[in-house]
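S.K.: Mind looking over this structure? Questions follow.
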Amino acid sequence: MVPYIKKLEECIGNALDYKLFGRVTKILGMLVEIGGVERELSIGSICHLTPKGHKVIPCEVVGFRENHALLMPFDSLDNVGLGCQAQILTNSPVIYPSNKWLGRVINAFGEPIDGKGPLIDGDLGIPLKNTPPPAHSRKRLGAKLDLGVRAINSFLSVCEGQRMGIFAGSGVGKSVLMSMLSRYTSAEVSVIGLIGERGREVQEFLEDDLGEEGLKKSVVIVSTSDESPLKRRQAAYMTLAVSEYFRDTGKQVLCMMDSVTRFAMAQREIGLSAGEPPTSKGYPPTTFTELAKLLERAGPGKDGQGDITGIFSVLVEGDDHNEPISDAVRGIIDGHITLERAIADKGRYPAINILRSVSRSMPKCLNESQAELVRSAREILSTYEDMEELIRLGAYKQGSDPKVDRAVMLYPALDAFLSQKPDEQTGLDEAYEILGNIVNYGLEQESEAE
C-alpha cells in the first residue's frame with residue numbers, strides 16, 4: 001500500500017487550491033498567444049484552452065514574445081477565438097507504466113487506442129521529458145544481444161545498452177527489418193515508437209509484421225502523420241519514458257523508434273513557429289539539441305538496473321546519407337546500419353550494405369576466432385565489390401588474382417547468407433557457424449588447388 005500512498009501524495013502535492021486562467025490574444029496558424037499569466041509559465045508548461053461548449057484543447061508553451069506566452073496545440077484549434085479561456089496546469093507530464101502495459105498500443109498521451117480497455121497504472125512515475133543517468137554512474141555495454149537477423153548478429157553485433165541507427169530511404173525495408181528485430185530479439189521487453197507513421201500501415205505493422213507473439217512482449221506507441229507536431233514529438237518522449245520504466249525494473253529493453261527523422265521534422269515545425277532562425281535545411285538549432293537529449297536517454301542503466309538497447313531508424317531524404325539529420329544522429333549513436341535502394345532493387349532483403357555499416361562495439365565484443373572470421377568475410381565482400389564491374393563485363397580473367405578468384409567463388413554464398421526472409425530467425429551462434437562454413441570452404445578449395 002505504501003507505493004500507492006506515495007503516488008496519492010504526489011497527486012495531492014501537484015494540485016492547487018486555486019486555478020489560473022489567461023486569455024487568447026492572437027492566433028496565427030497553429031500558434032496561439034495568451035496574455036495575463038505569462039509570469040506563471042515557462043517553456044514546456046501545459047495549458048488547456050476551453051472554448052465554450054466544446055472539448056478542451058491541450059497546448060504546450062513553446063516560447064514568449066512581447067510579454068505574451070506562445071502556445072502550440074496538441075489538437076485542432078477549431079472553435080478557438082480571441083478571448084478564449086486558457087487554464088494553466090502546474091504539474092509536469094508524468095506517466096505510470098506497469099507490466100500490464102505489455103501487449104498494448106497507446107498514443108502520445110499514454111492512452112490506449114487498441115480497444116482492449118483502460119490501462120492499469122503502476123506506482124513508479126516517469127517524467128515524459130526525463131534526463132539520462134549521469135555519465136559517470138552508467139554501466140559499460142553488456143554482452144552481445146541476439147537480434148535474430150544473421151547479417152546484424154555476425155557483421156554488426158549489438159551489445160546490451162548500445163544505440164544503433166538504421167539509415168535508409170523510403171520503401172527500402174526499415175519497418176520490416178525493425179519488426180524482425182522486435183520478434184526475434186532475446187531482450188525481455190520491446191518498446192516500439194511509430195512516429196509520424198502512415199495511418200493505414202499501423203494495423204499492417206501490428207498484425208502482419210509484429211504479429212501476436214511479438215506484440216505480447218511489446219508496448220507500441222503510435223502517432224500518425226496527420227497529428228500535430230507536438231503529438232509526434234511527445235510520442236517519441238513517451239517511447240523513451242516507457243523504456244526507462246522497464247529498465248528501472250531491471251529488464252533488458254529493446255527500444256525501437258521509426259523514425260527519428262519525423263521527430264526532428266516535428267521539432268522543426270515547433271521551432272520555426274516559435275520564431276527560431278532556420279539553419280541547415282531549415283532545421284532550427286533546438287532540433288539538434290533535442291535529438292541529443294532524446295537519444296542519450298537510451299543506453300546502459302546504473303548498477304542494479306537493466307539497459308535500453310536503442311534501434312533508431314533515420315529516413316534519409318533523397319537517399320542522401322549526409323543530410324543534416326543523418327549526419328547529426330551518426331555522431332550521437334554507437335553505430336549505423338545502412339540500407340541501400342540498389343541492393344533492395346536486386347531483391348536482397350534486408351538490403352544492408354555491410355561495407356558501409358559499422359558497430360562501434362566491435363571487435364571488442366568478439367572473441368579472436370569470430371573477429372578473424374568477420375574480417376575475412378568483409379575482405380571477400382570488399383574485393384568482389386571493387387572488381388564487380390570488370391567481372392560482369394567479362395573483362396576479368398580467372399587466375400589473374402587468387403583473392404579475386406576466391407571472392408568470385410564465395411560471393412554468391414555470402415549474398416545468400418545476408419538475405420533473410422521475414423519469418424526466418426537465425427541466432428548468434430548459428431550465424432557464426434554458417435558464416436564460418438562459407439569462409440572455411442573457400443580456404444579448403446584454395447588448399448586443394450595448391
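So you can find residues: chains in the C-alpha cells are A, B, ... in the order shown, residues in each start at 1, and ligands are numbered from 1 in order.
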Kindly provide the residues of segment 55-170 of chain A that approach segment 223-237 of chain A to within 9 Å, each paired with its closest atom pair and their distance in Å to one decimal, based on only C-alpha atoms, listed by chain and increasing number, as a Markdown table.
M.R.:
```
| residue | atom | partner | partner_atom | distance |
| --- | --- | --- | --- | --- |
| A:Cys59 | CA | A:Leu230 | CA | 8.6 |
| A:Glu60 | CA | A:Leu230 | CA | 8.0 |
| A:Met72 | CA | A:Leu230 | CA | 7.3 |
| A:Pro73 | CA | A:Leu230 | CA | 7.2 |
| A:Phe74 | CA | A:Leu230 | CA | 5.6 |
| A:Asp75 | CA | A:Ser228 | CA | 6.3 |
| A:Ser76 | CA | A:Ser228 | CA | 8.0 |
| A:Ile106 | CA | A:Ser223 | CA | 9.0 |
| A:Asn107 | CA | A:Ser223 | CA | 6.2 |
| A:Ala108 | CA | A:Ala235 | CA | 4.2 |
| A:Phe109 | CA | A:Ala235 | CA | 7.6 |
| A:Gly110 | CA | A:Ala235 | CA | 8.7 |
| A:Leu128 | CA | A:Tyr237 | CA | 5.6 |
| A:Lys129 | CA | A:Tyr237 | CA | 6.2 |
| A:Asn130 | CA | A:Tyr237 | CA | 8.3 |
```
S.K.: Could you pull out the helix (DSSP H, G or I) residues of segment 104-193 of chain A from DSSP and send them as an MDAnalysis selection string?
M.R.: chainID A and resid 135:137 150:155 174:184
S.K.: Can you write just those residues out, N, CA, C and O atoms, as a compact mmCIF listing (two decimals), in the first residue's frame?
M.R.:
```txt
# COMPACT_ATOMS: atom_id res chain seq x y z
N ALA A 135 26.63 10.32 -16.66
CA ALA A 135 27.57 9.51 -17.43
C ALA A 135 28.47 8.67 -16.54
O ALA A 135 28.76 7.50 -16.85
N HIS A 136 28.91 9.23 -15.40
CA HIS A 136 29.86 8.51 -14.54
C HIS A 136 29.21 7.36 -13.77
O HIS A 136 29.91 6.51 -13.22
N SER A 137 27.86 7.34 -13.71
CA SER A 137 27.19 6.28 -12.94
C SER A 137 26.66 5.16 -13.82
O SER A 137 26.11 4.18 -13.32
N ARG A 150 20.75 -12.56 -39.10
CA ARG A 150 22.13 -13.04 -39.16
C ARG A 150 23.11 -12.01 -39.69
O ARG A 150 24.27 -11.99 -39.26
N ALA A 151 22.68 -11.13 -40.60
CA ALA A 151 23.60 -10.11 -41.11
C ALA A 151 24.04 -9.18 -39.99
O ALA A 151 25.20 -8.76 -39.93
N ILE A 152 23.13 -8.86 -39.06
CA ILE A 152 23.46 -7.99 -37.93
C ILE A 152 24.19 -8.77 -36.85
O ILE A 152 25.19 -8.30 -36.30
N ASN A 153 23.71 -9.96 -36.53
CA ASN A 153 24.35 -10.76 -35.48
C ASN A 153 25.82 -11.04 -35.77
O ASN A 153 26.64 -11.11 -34.86
N SER A 154 26.16 -11.23 -37.04
CA SER A 154 27.53 -11.60 -37.39
C SER A 154 28.41 -10.40 -37.71
O SER A 154 29.44 -10.18 -37.08
N PHE A 155 28.00 -9.57 -38.67
CA PHE A 155 28.84 -8.46 -39.13
C PHE A 155 28.70 -7.20 -38.29
O PHE A 155 29.59 -6.36 -38.28
N LYS A 174 12.92 -0.55 -43.88
CA LYS A 174 13.21 -0.26 -42.48
C LYS A 174 12.20 -0.92 -41.55
O LYS A 174 12.57 -1.55 -40.57
N SER A 175 10.91 -0.74 -41.84
CA SER A 175 9.87 -1.21 -40.94
C SER A 175 9.87 -2.73 -40.82
O SER A 175 9.69 -3.28 -39.73
N VAL A 176 10.08 -3.42 -41.94
CA VAL A 176 10.11 -4.89 -41.91
C VAL A 176 11.31 -5.37 -41.09
O VAL A 176 11.20 -6.30 -40.28
N LEU A 177 12.48 -4.74 -41.28
CA LEU A 177 13.65 -5.12 -40.51
C LEU A 177 13.43 -4.89 -39.02
O LEU A 177 13.77 -5.73 -38.18
N MET A 178 12.81 -3.77 -38.66
CA MET A 178 12.56 -3.48 -37.25
C MET A 178 11.56 -4.46 -36.65
O MET A 178 11.67 -4.85 -35.48
N SER A 179 10.58 -4.90 -37.43
CA SER A 179 9.63 -5.89 -36.92
C SER A 179 10.33 -7.23 -36.68
O SER A 179 10.01 -7.94 -35.72
N MET A 180 11.29 -7.59 -37.54
CA MET A 180 12.06 -8.82 -37.33
C MET A 180 12.87 -8.73 -36.04
O MET A 180 12.93 -9.69 -35.26
N LEU A 181 13.50 -7.58 -35.81
CA LEU A 181 14.29 -7.40 -34.59
C LEU A 181 13.41 -7.51 -33.36
O LEU A 181 13.80 -8.11 -32.35
N SER A 182 12.21 -6.95 -33.43
CA SER A 182 11.30 -6.99 -32.29
C SER A 182 10.84 -8.41 -31.98
O SER A 182 10.76 -8.81 -30.81
N ARG A 183 10.55 -9.19 -33.02
CA ARG A 183 10.06 -10.55 -32.81
C ARG A 183 11.14 -11.50 -32.31
O ARG A 183 10.89 -12.37 -31.47
N TYR A 184 12.35 -11.35 -32.85
CA TYR A 184 13.38 -12.36 -32.63
C TYR A 184 14.41 -11.99 -31.57
O TYR A 184 15.27 -12.78 -31.24
```
S.K.: Where does DSSP see strand (DSSP E or B) in segment 188-348 of chain A, if you list the residues as a count of residues only?
M.R.: 40
S.K.: Given the choices A:Tyr96, A:Phe205, A:Phe167, A:Phe417, which gets closest to Tyr349 of chain A if the distance is worked out from only C-alpha atoms?
M.R.: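 Ranking A:Tyr96, A:Phe205, A:Phe167, A:Phe417 by distance to Tyr349 of chain A, first place goes to A:Phe417.
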S.K.: So how many Å separate atom CA of Leu373 of chain A and atom CA of Gly399 of chain A, to one decimal?
M.R.: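 Taking atom CA of Leu373 of chain A and atom CA of Gly399 of chain A, their separation equals 24.3 Å.
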